[in-house]
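Asker: One file: run-v2.pdb (PDB, N, CA and C atoms).
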```pdb
ATOM      1  N   MET A  78       9.771  13.036 -13.447
ATOM      2  CA  MET A  78      10.395  11.967 -12.697
ATOM      3  C   MET A  78       9.427  10.795 -12.584
ATOM      4  N   THR A  79       9.832   9.655 -13.061
ATOM      5  CA  THR A  79       9.031   8.444 -12.939
ATOM      6  C   THR A  79       9.467   7.682 -11.702
ATOM      7  N   LYS A  80       8.483   7.290 -10.911
ATOM      8  CA  LYS A  80       8.784   6.518  -9.707
ATOM      9  C   LYS A  80       8.849   5.040 -10.063
ATOM     10  N   ASP A  81       9.786   4.339  -9.454
ATOM     11  CA  ASP A  81       9.945   2.908  -9.656
ATOM     12  C   ASP A  81       9.495   2.217  -8.373
ATOM     13  N   TYR A  82       8.264   1.704  -8.368
ATOM     14  CA  TYR A  82       7.698   1.139  -7.148
ATOM     15  C   TYR A  82       8.362  -0.169  -6.730
ATOM     16  N   LYS A  83       8.909  -0.903  -7.669
ATOM     17  CA  LYS A  83       9.672  -2.093  -7.279
ATOM     18  C   LYS A  83      10.914  -1.685  -6.503
ATOM     19  N   ALA A  84      11.590  -0.637  -6.973
ATOM     20  CA  ALA A  84      12.792  -0.147  -6.287
ATOM     21  C   ALA A  84      12.424   0.484  -4.945
ATOM     22  N   ILE A  85      11.334   1.234  -4.910
ATOM     23  CA  ILE A  85      10.908   1.880  -3.666
ATOM     24  C   ILE A  85      10.648   0.825  -2.596
ATOM     25  N   THR A  86       9.892  -0.223  -2.938
ATOM     26  CA  THR A  86       9.561  -1.232  -1.935
ATOM     27  C   THR A  86      10.787  -2.056  -1.540
ATOM     28  N   ALA A  87      11.676  -2.310  -2.485
ATOM     29  CA  ALA A  87      12.906  -3.053  -2.167
ATOM     30  C   ALA A  87      13.778  -2.244  -1.218
ATOM     31  N   ASP A  88      13.904  -0.957  -1.468
ATOM     32  CA  ASP A  88      14.719  -0.092  -0.621
ATOM     33  C   ASP A  88      14.135  -0.005   0.785
ATOM     34  N   ILE A  89      12.840   0.194   0.882
ATOM     35  CA  ILE A  89      12.202   0.272   2.202
ATOM     36  C   ILE A  89      12.349  -1.055   2.937
ATOM     37  N   SER A  90      12.182  -2.164   2.225
ATOM     38  CA  SER A  90      12.305  -3.484   2.851
ATOM     39  C   SER A  90      13.676  -3.676   3.477
ATOM     40  N   GLU A  91      14.710  -3.186   2.802
ATOM     41  CA  GLU A  91      16.073  -3.298   3.324
ATOM     42  C   GLU A  91      16.191  -2.582   4.672
ATOM     43  N   TYR A  92      15.614  -1.403   4.769
ATOM     44  CA  TYR A  92      15.723  -0.638   6.005
ATOM     45  C   TYR A  92      14.758  -1.124   7.076
ATOM     46  N   ILE A  93      13.644  -1.716   6.683
ATOM     47  CA  ILE A  93      12.763  -2.347   7.664
ATOM     48  C   ILE A  93      13.498  -3.526   8.313
ATOM     49  N   ALA A  94      14.256  -4.256   7.521
ATOM     50  CA  ALA A  94      15.052  -5.363   8.073
ATOM     51  C   ALA A  94      16.031  -4.840   9.122
ATOM     52  N   GLN A  95      16.648  -3.693   8.849
ATOM     53  CA  GLN A  95      17.553  -3.097   9.839
ATOM     54  C   GLN A  95      16.794  -2.705  11.098
ATOM     55  N   LEU A  96      15.602  -2.142  10.927
ATOM     56  CA  LEU A  96      14.802  -1.775  12.095
ATOM     57  C   LEU A  96      14.438  -2.993  12.931
ATOM     58  N   ARG A  97      14.175  -4.133  12.265
ATOM     59  CA  ARG A  97      13.879  -5.365  13.011
ATOM     60  C   ARG A  97      15.041  -5.759  13.915
ATOM     61  N   GLU A  98      16.279  -5.502  13.457
ATOM     62  CA  GLU A  98      17.456  -5.812  14.265
ATOM     63  C   GLU A  98      17.695  -4.761  15.346
ATOM     64  N   LEU A  99      17.498  -3.496  15.009
ATOM     65  CA  LEU A  99      17.836  -2.405  15.912
ATOM     66  C   LEU A  99      16.733  -2.088  16.926
ATOM     67  N   ALA A 100      15.480  -2.358  16.555
ATOM     68  CA  ALA A 100      14.342  -2.064  17.441
ATOM     69  C   ALA A 100      13.358  -3.230  17.395
ATOM     70  N   PRO A 101      13.806  -4.411  17.838
ATOM     71  CA  PRO A 101      12.986  -5.611  17.672
ATOM     72  C   PRO A 101      11.642  -5.566  18.400
ATOM     73  N   ASP A 102      11.586  -4.993  19.580
ATOM     74  CA  ASP A 102      10.322  -4.962  20.317
ATOM     75  C   ASP A 102       9.275  -4.129  19.582
ATOM     76  N   ALA A 103       9.690  -2.966  19.139
ATOM     77  CA  ALA A 103       8.758  -2.091  18.417
ATOM     78  C   ALA A 103       8.299  -2.748  17.117
ATOM     79  N   MET A 104       9.217  -3.361  16.404
ATOM     80  CA  MET A 104       8.863  -3.985  15.130
ATOM     81  C   MET A 104       7.980  -5.215  15.337
ATOM     82  N   GLN A 105       8.200  -5.970  16.421
ATOM     83  CA  GLN A 105       7.324  -7.102  16.725
ATOM     84  C   GLN A 105       5.923  -6.599  17.039
ATOM     85  N   GLY A 106       5.836  -5.475  17.745
ATOM     86  CA  GLY A 106       4.535  -4.881  18.034
ATOM     87  C   GLY A 106       3.817  -4.446  16.774
ATOM     88  N   PHE A 107       4.554  -3.811  15.856
ATOM     89  CA  PHE A 107       3.958  -3.387  14.595
ATOM     90  C   PHE A 107       3.515  -4.598  13.788
ATOM     91  N   SER A 108       4.337  -5.636  13.745
ATOM     92  CA  SER A 108       3.985  -6.850  13.001
ATOM     93  C   SER A 108       2.731  -7.503  13.576
ATOM     94  N   ALA A 109       2.613  -7.517  14.899
ATOM     95  CA  ALA A 109       1.422  -8.087  15.533
ATOM     96  C   ALA A 109       0.183  -7.269  15.174
ATOM     97  N   LEU A 110       0.319  -5.944  15.166
ATOM     98  CA  LEU A 110      -0.784  -5.074  14.779
ATOM     99  C   LEU A 110      -1.197  -5.344  13.336
ATOM    100  N   ALA A 111      -0.224  -5.431  12.450
ATOM    101  CA  ALA A 111      -0.508  -5.692  11.038
ATOM    102  C   ALA A 111      -1.202  -7.034  10.857
ATOM    103  N   LYS A 112      -0.711  -8.048  11.548
ATOM    104  CA  LYS A 112      -1.304  -9.388  11.435
ATOM    105  C   LYS A 112      -2.754  -9.378  11.918
ATOM    106  N   GLY A 113      -3.013  -8.714  13.032
ATOM    107  CA  GLY A 113      -4.365  -8.649  13.559
ATOM    108  C   GLY A 113      -5.309  -7.856  12.668
ATOM    109  N   ALA A 114      -4.809  -6.762  12.108
ATOM    110  CA  ALA A 114      -5.650  -5.911  11.267
ATOM    111  C   ALA A 114      -5.968  -6.543   9.917
ATOM    112  N   THR A 115      -5.029  -7.322   9.362
ATOM    113  CA  THR A 115      -5.225  -7.863   8.014
ATOM    114  C   THR A 115      -5.863  -9.247   7.998
ATOM    115  N   LYS A 116      -5.997  -9.858   9.155
ATOM    116  CA  LYS A 116      -6.580 -11.200   9.251
ATOM    117  C   LYS A 116      -8.010 -11.212   8.700
ATOM    118  N   ASP A 117      -8.321 -12.242   7.897
ATOM    119  CA  ASP A 117      -9.690 -12.390   7.398
ATOM    120  C   ASP A 117     -10.653 -12.475   8.568
ATOM    121  N   ASN A 118     -11.702 -11.712   8.503
ATOM    122  CA  ASN A 118     -12.747 -11.723   9.513
ATOM    123  C   ASN A 118     -14.026 -11.364   8.782
ATOM    124  N   THR A 119     -14.699 -10.322   9.197
ATOM    125  CA  THR A 119     -15.885  -9.875   8.469
ATOM    126  C   THR A 119     -15.496  -9.404   7.075
ATOM    127  N   LEU A 120     -14.367  -8.708   6.989
ATOM    128  CA  LEU A 120     -13.824  -8.284   5.698
ATOM    129  C   LEU A 120     -12.690  -9.222   5.311
ATOM    130  N   ASP A 121     -12.583  -9.512   4.019
ATOM    131  CA  ASP A 121     -11.500 -10.381   3.560
ATOM    132  C   ASP A 121     -10.222  -9.572   3.321
ATOM    133  N   GLU A 122      -9.132 -10.288   3.073
ATOM    134  CA  GLU A 122      -7.822  -9.657   2.900
ATOM    135  C   GLU A 122      -7.825  -8.641   1.763
ATOM    136  N   LYS A 123      -8.445  -8.982   0.649
ATOM    137  CA  LYS A 123      -8.456  -8.078  -0.506
ATOM    138  C   LYS A 123      -9.154  -6.764  -0.164
ATOM    139  N   THR A 124     -10.294  -6.848   0.492
ATOM    140  CA  THR A 124     -11.024  -5.636   0.864
ATOM    141  C   THR A 124     -10.176  -4.764   1.781
ATOM    142  N   LYS A 125      -9.518  -5.386   2.741
ATOM    143  CA  LYS A 125      -8.680  -4.635   3.663
ATOM    144  C   LYS A 125      -7.492  -4.001   2.944
ATOM    145  N   GLU A 126      -6.923  -4.692   1.990
ATOM    146  CA  GLU A 126      -5.805  -4.130   1.224
ATOM    147  C   GLU A 126      -6.276  -2.967   0.353
ATOM    148  N   LEU A 127      -7.483  -3.052  -0.192
ATOM    149  CA  LEU A 127      -8.032  -1.933  -0.971
ATOM    150  C   LEU A 127      -8.218  -0.709  -0.078
ATOM    151  N   ILE A 128      -8.701  -0.924   1.135
ATOM    152  CA  ILE A 128      -8.842   0.183   2.088
ATOM    153  C   ILE A 128      -7.466   0.783   2.385
ATOM    154  N   ALA A 129      -6.490  -0.077   2.642
ATOM    155  CA  ALA A 129      -5.139   0.405   2.944
ATOM    156  C   ALA A 129      -4.569   1.205   1.778
ATOM    157  N   LEU A 130      -4.822   0.762   0.556
ATOM    158  CA  LEU A 130      -4.345   1.503  -0.608
ATOM    159  C   LEU A 130      -4.989   2.884  -0.654
ATOM    160  N   GLY A 131      -6.295   2.947  -0.428
ATOM    161  CA  GLY A 131      -6.980   4.244  -0.427
ATOM    162  C   GLY A 131      -6.384   5.197   0.600
ATOM    163  N   ILE A 132      -6.072   4.677   1.775
ATOM    164  CA  ILE A 132      -5.451   5.505   2.809
ATOM    165  C   ILE A 132      -4.046   5.923   2.374
ATOM    166  N   GLY A 133      -3.293   4.993   1.801
ATOM    167  CA  GLY A 133      -1.943   5.319   1.323
ATOM    168  C   GLY A 133      -1.958   6.420   0.273
ATOM    169  N   ILE A 134      -2.938   6.364  -0.633
ATOM    170  CA  ILE A 134      -3.073   7.409  -1.653
ATOM    171  C   ILE A 134      -3.398   8.742  -0.989
ATOM    172  N   SER A 135      -4.391   8.741  -0.099
ATOM    173  CA  SER A 135      -4.820  10.002   0.506
ATOM    174  C   SER A 135      -3.743  10.599   1.416
ATOM    175  N   GLN A 136      -2.881   9.739   1.968
ATOM    176  CA  GLN A 136      -1.791  10.218   2.830
ATOM    177  C   GLN A 136      -0.502  10.481   2.046
ATOM    178  N   ARG A 137      -0.527  10.211   0.738
ATOM    179  CA  ARG A 137       0.598  10.469  -0.163
ATOM    180  C   ARG A 137       1.851   9.691   0.248
ATOM    181  N   CYS A 138       1.669   8.381   0.448
ATOM    182  CA  CYS A 138       2.755   7.517   0.916
ATOM    183  C   CYS A 138       3.174   6.555  -0.200
ATOM    184  N   ASP A 139       4.324   6.817  -0.806
ATOM    185  CA  ASP A 139       4.813   5.951  -1.887
ATOM    186  C   ASP A 139       5.021   4.518  -1.425
ATOM    187  N   GLY A 140       5.585   4.336  -0.245
ATOM    188  CA  GLY A 140       5.811   2.987   0.267
ATOM    189  C   GLY A 140       4.504   2.239   0.444
ATOM    190  N   CYS A 141       3.511   2.904   1.023
ATOM    191  CA  CYS A 141       2.197   2.270   1.217
ATOM    192  C   CYS A 141       1.589   1.874  -0.124
ATOM    193  N   ILE A 142       1.649   2.767  -1.085
ATOM    194  CA  ILE A 142       1.118   2.461  -2.417
ATOM    195  C   ILE A 142       1.836   1.240  -2.978
ATOM    196  N   GLY A 143       3.149   1.233  -2.925
ATOM    197  CA  GLY A 143       3.913   0.124  -3.479
ATOM    198  C   GLY A 143       3.589  -1.207  -2.827
ATOM    199  N   PHE A 144       3.664  -1.257  -1.507
ATOM    200  CA  PHE A 144       3.433  -2.528  -0.810
ATOM    201  C   PHE A 144       1.990  -3.024  -0.968
ATOM    202  N   HIS A 145       1.013  -2.123  -0.902
ATOM    203  CA  HIS A 145      -0.376  -2.572  -0.985
ATOM    204  C   HIS A 145      -0.769  -2.937  -2.416
ATOM    205  N   VAL A 146      -0.261  -2.219  -3.406
ATOM    206  CA  VAL A 146      -0.531  -2.615  -4.796
ATOM    207  C   VAL A 146       0.127  -3.959  -5.095
ATOM    208  N   LYS A 147       1.326  -4.164  -4.617
ATOM    209  CA  LYS A 147       2.010  -5.453  -4.823
ATOM    210  C   LYS A 147       1.160  -6.592  -4.257
ATOM    211  N   THR A 148       0.652  -6.411  -3.052
ATOM    212  CA  THR A 148      -0.201  -7.435  -2.438
ATOM    213  C   THR A 148      -1.506  -7.590  -3.214
ATOM    214  N   LEU A 149      -2.090  -6.481  -3.634
ATOM    215  CA  LEU A 149      -3.345  -6.555  -4.388
ATOM    216  C   LEU A 149      -3.173  -7.278  -5.717
ATOM    217  N   LYS A 150      -2.055  -7.084  -6.372
ATOM    218  CA  LYS A 150      -1.778  -7.837  -7.608
ATOM    219  C   LYS A 150      -1.731  -9.336  -7.303
ATOM    220  N   ARG A 151      -1.056  -9.701  -6.208
ATOM    221  CA  ARG A 151      -0.975 -11.111  -5.806
ATOM    222  C   ARG A 151      -2.366 -11.680  -5.540
ATOM    223  N   LEU A 152      -3.257 -10.854  -5.035
ATOM    224  CA  LEU A 152      -4.612 -11.291  -4.714
ATOM    225  C   LEU A 152      -5.550 -11.274  -5.919
ATOM    226  N   GLY A 153      -5.029 -10.920  -7.093
ATOM    227  CA  GLY A 153      -5.835 -10.960  -8.316
ATOM    228  C   GLY A 153      -6.678  -9.726  -8.569
ATOM    229  N   THR A 154      -6.346  -8.630  -7.931
ATOM    230  CA  THR A 154      -7.086  -7.389  -8.103
ATOM    231  C   THR A 154      -6.872  -6.851  -9.514
ATOM    232  N   THR A 155      -7.926  -6.324 -10.105
ATOM    233  CA  THR A 155      -7.825  -5.760 -11.454
ATOM    234  C   THR A 155      -7.415  -4.291 -11.386
ATOM    235  N   LYS A 156      -6.930  -3.788 -12.493
ATOM    236  CA  LYS A 156      -6.579  -2.377 -12.581
ATOM    237  C   LYS A 156      -7.830  -1.514 -12.400
ATOM    238  N   GLU A 157      -8.973  -2.014 -12.857
ATOM    239  CA  GLU A 157     -10.224  -1.280 -12.699
ATOM    240  C   GLU A 157     -10.594  -1.130 -11.215
ATOM    241  N   GLU A 158     -10.341  -2.176 -10.432
ATOM    242  CA  GLU A 158     -10.608  -2.092  -8.990
ATOM    243  C   GLU A 158      -9.680  -1.075  -8.326
ATOM    244  N   ILE A 159      -8.414  -1.084  -8.744
ATOM    245  CA  ILE A 159      -7.457  -0.106  -8.222
ATOM    246  C   ILE A 159      -7.935   1.306  -8.560
ATOM    247  N   ALA A 160      -8.382   1.500  -9.792
ATOM    248  CA  ALA A 160      -8.843   2.818 -10.230
ATOM    249  C   ALA A 160     -10.062   3.277  -9.436
ATOM    250  N   GLU A 161     -10.952   2.352  -9.108
ATOM    251  CA  GLU A 161     -12.148   2.714  -8.346
ATOM    252  C   GLU A 161     -11.777   3.152  -6.927
ATOM    253  N   VAL A 162     -10.854   2.434  -6.305
ATOM    254  CA  VAL A 162     -10.370   2.836  -4.985
ATOM    255  C   VAL A 162      -9.650   4.179  -5.086
ATOM    256  N   ALA A 163      -8.853   4.343  -6.125
ATOM    257  CA  ALA A 163      -8.134   5.605  -6.323
ATOM    258  C   ALA A 163      -9.115   6.767  -6.455
ATOM    259  N   ALA A 164     -10.211   6.551  -7.171
ATOM    260  CA  ALA A 164     -11.220   7.603  -7.330
ATOM    261  C   ALA A 164     -11.823   8.003  -5.980
ATOM    262  N   MET A 165     -12.076   7.027  -5.123
ATOM    263  CA  MET A 165     -12.595   7.334  -3.783
ATOM    264  C   MET A 165     -11.572   8.117  -2.968
ATOM    265  N   ALA A 166     -10.309   7.736  -3.089
ATOM    266  CA  ALA A 166      -9.257   8.443  -2.354
ATOM    267  C   ALA A 166      -9.143   9.889  -2.831
ATOM    268  N   VAL A 167      -9.280  10.101  -4.135
ATOM    269  CA  VAL A 167      -9.238  11.457  -4.683
ATOM    270  C   VAL A 167     -10.444  12.255  -4.173
ATOM    271  N   TYR A 168     -11.603  11.631  -4.180
ATOM    272  CA  TYR A 168     -12.812  12.276  -3.670
ATOM    273  C   TYR A 168     -12.597  12.737  -2.226
ATOM    274  N   MET A 169     -11.979  11.897  -1.415
ATOM    275  CA  MET A 169     -11.781  12.215  -0.006
ATOM    276  C   MET A 169     -10.564  13.109   0.227
ATOM    277  N   GLY A 170      -9.558  13.030  -0.657
ATOM    278  CA  GLY A 170      -8.302  13.738  -0.410
ATOM    279  C   GLY A 170      -8.003  14.898  -1.340
ATOM    280  N   GLY A 171      -8.819  15.111  -2.359
ATOM    281  CA  GLY A 171      -8.628  16.241  -3.253
ATOM    282  C   GLY A 171      -7.471  16.090  -4.231
ATOM    283  N   GLY A 172      -7.038  17.222  -4.770
ATOM    284  CA  GLY A 172      -6.020  17.267  -5.811
ATOM    285  C   GLY A 172      -4.727  16.560  -5.480
ATOM    286  N   PRO A 173      -4.153  16.749  -4.276
ATOM    287  CA  PRO A 173      -2.920  16.035  -3.974
ATOM    288  C   PRO A 173      -3.093  14.515  -4.055
ATOM    289  N   SER A 174      -4.256  14.025  -3.652
ATOM    290  CA  SER A 174      -4.503  12.585  -3.750
ATOM    291  C   SER A 174      -4.592  12.133  -5.200
ATOM    292  N   LEU A 175      -5.034  13.017  -6.084
ATOM    293  CA  LEU A 175      -5.105  12.676  -7.509
ATOM    294  C   LEU A 175      -3.722  12.324  -8.046
ATOM    295  N   MET A 176      -2.701  13.063  -7.603
ATOM    296  CA  MET A 176      -1.343  12.792  -8.065
ATOM    297  C   MET A 176      -0.903  11.392  -7.641
ATOM    298  N   TYR A 177      -1.257  10.993  -6.426
ATOM    299  CA  TYR A 177      -0.883   9.681  -5.914
ATOM    300  C   TYR A 177      -1.805   8.584  -6.422
ATOM    301  N   ALA A 178      -3.018   8.935  -6.798
ATOM    302  CA  ALA A 178      -3.907   7.962  -7.439
ATOM    303  C   ALA A 178      -3.307   7.534  -8.780
ATOM    304  N   ALA A 179      -2.772   8.488  -9.518
ATOM    305  CA  ALA A 179      -2.083   8.160 -10.769
ATOM    306  C   ALA A 179      -0.885   7.261 -10.495
ATOM    307  N   ASP A 180      -0.178   7.534  -9.407
ATOM    308  CA  ASP A 180       0.958   6.691  -9.041
ATOM    309  C   ASP A 180       0.532   5.271  -8.688
ATOM    310  N   ALA A 181      -0.654   5.094  -8.111
ATOM    311  CA  ALA A 181      -1.137   3.743  -7.796
ATOM    312  C   ALA A 181      -1.308   2.927  -9.069
ATOM    313  N   LEU A 182      -1.787   3.579 -10.138
ATOM    314  CA  LEU A 182      -1.899   2.880 -11.427
ATOM    315  C   LEU A 182      -0.521   2.570 -11.990
ATOM    316  N   ARG A 183       0.420   3.504 -11.806
ATOM    317  CA  ARG A 183       1.812   3.271 -12.259
ATOM    318  C   ARG A 183       2.384   2.049 -11.505
ATOM    319  N   ALA A 184       2.157   1.994 -10.204
ATOM    320  CA  ALA A 184       2.651   0.859  -9.406
ATOM    321  C   ALA A 184       2.018  -0.443  -9.880
ATOM    322  N   TYR A 185       0.728  -0.414 -10.203
ATOM    323  CA  TYR A 185       0.044  -1.606 -10.708
ATOM    324  C   TYR A 185       0.746  -2.099 -11.980
ATOM    325  N   ASP A 186       1.028  -1.179 -12.897
ATOM    326  CA  ASP A 186       1.702  -1.575 -14.142
ATOM    327  C   ASP A 186       3.111  -2.113 -13.875
ATOM    328  N   GLN A 187       3.794  -1.581 -12.884
ATOM    329  CA  GLN A 187       5.166  -2.018 -12.606
ATOM    330  C   GLN A 187       5.217  -3.390 -11.948
ATOM    331  N   PHE A 188       4.184  -3.723 -11.155
ATOM    332  CA  PHE A 188       4.175  -5.028 -10.513
ATOM    333  C   PHE A 188       3.507  -6.061 -11.402
TER     334      PHE A 188
END
```
Reformat the file's structure so that it appears as structure tokens.
Answerer:
Amino acid sequence: MTKDYKAITADISEYIAQLRELAPDAMQGFSALAKGATKDNTLDEKTKELIALGIGISQRCDGCIGFHVKTLKRLGTTKEEIAEVAAMAVYMGGGPSLMYAADALRAYDQF
């Protein structure tokens, strides 16, 4: 089974939009958290997105992989940088993370 990360992120986005309507307070809180966490400070946006991708791989989250790889592509990240982060995630997460590390490269190619 090949995963389609463009379709995965589009599908999740549709339901996130519904959550914004159905649970606006919670979603505003999450958006505020995301904005505060990703804001350039000591670490830049790209570094923070690479960290988020590593966590997404180690937690085996297809949506996280899709959204963070999409952003990393926009930020000019190379496939080699993605692979290096994936290797760290595998080191920290073991064999199951290896399966999702491969998916991160698949997502990179799809975006």
Asker: At what distance in Å, to one decimal, does atom N of Glu126 of chain A lie from atom C of Val167 of chain A?
Answerer: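 So the answer is 18.4 Å.
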Asker: Name the closest residue to Ile134 of chain A among the candidates A:Tyr92, A:Tyr177, A:Phe188, A:Phe107; distances are taken between atoms, counting only C-alpha atoms.
Answerer: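 Among the listed residues, the smallest separation from Ile134 of chain A belongs to A:Tyr177.
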Asker: If you measure from atom C of Asp88 of chain A to atom CA of Asp139 of chain A, what distance in Å do you get, rounded to one decimal?
Answerer: 11.4 Å
Asker: Please, what is the axis-aligned box for every listed atom of segment 91-106 of chain A with 3 Å on each side, as centre and edge lengths in Å to one decimal, as JSON?
Answerer:
```
{"center_x": 10.8, "center_y": -3.9, "center_z": 11.6, "size_x": 20.0, "size_y": 12.5, "size_z": 23.5}
```
Asker: By how many Å are atom N of Met169 of chain A and atom CA of Ala129 of chain A apart?
Answerer: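 Distance reported for this atom pair: 14.1 Å.
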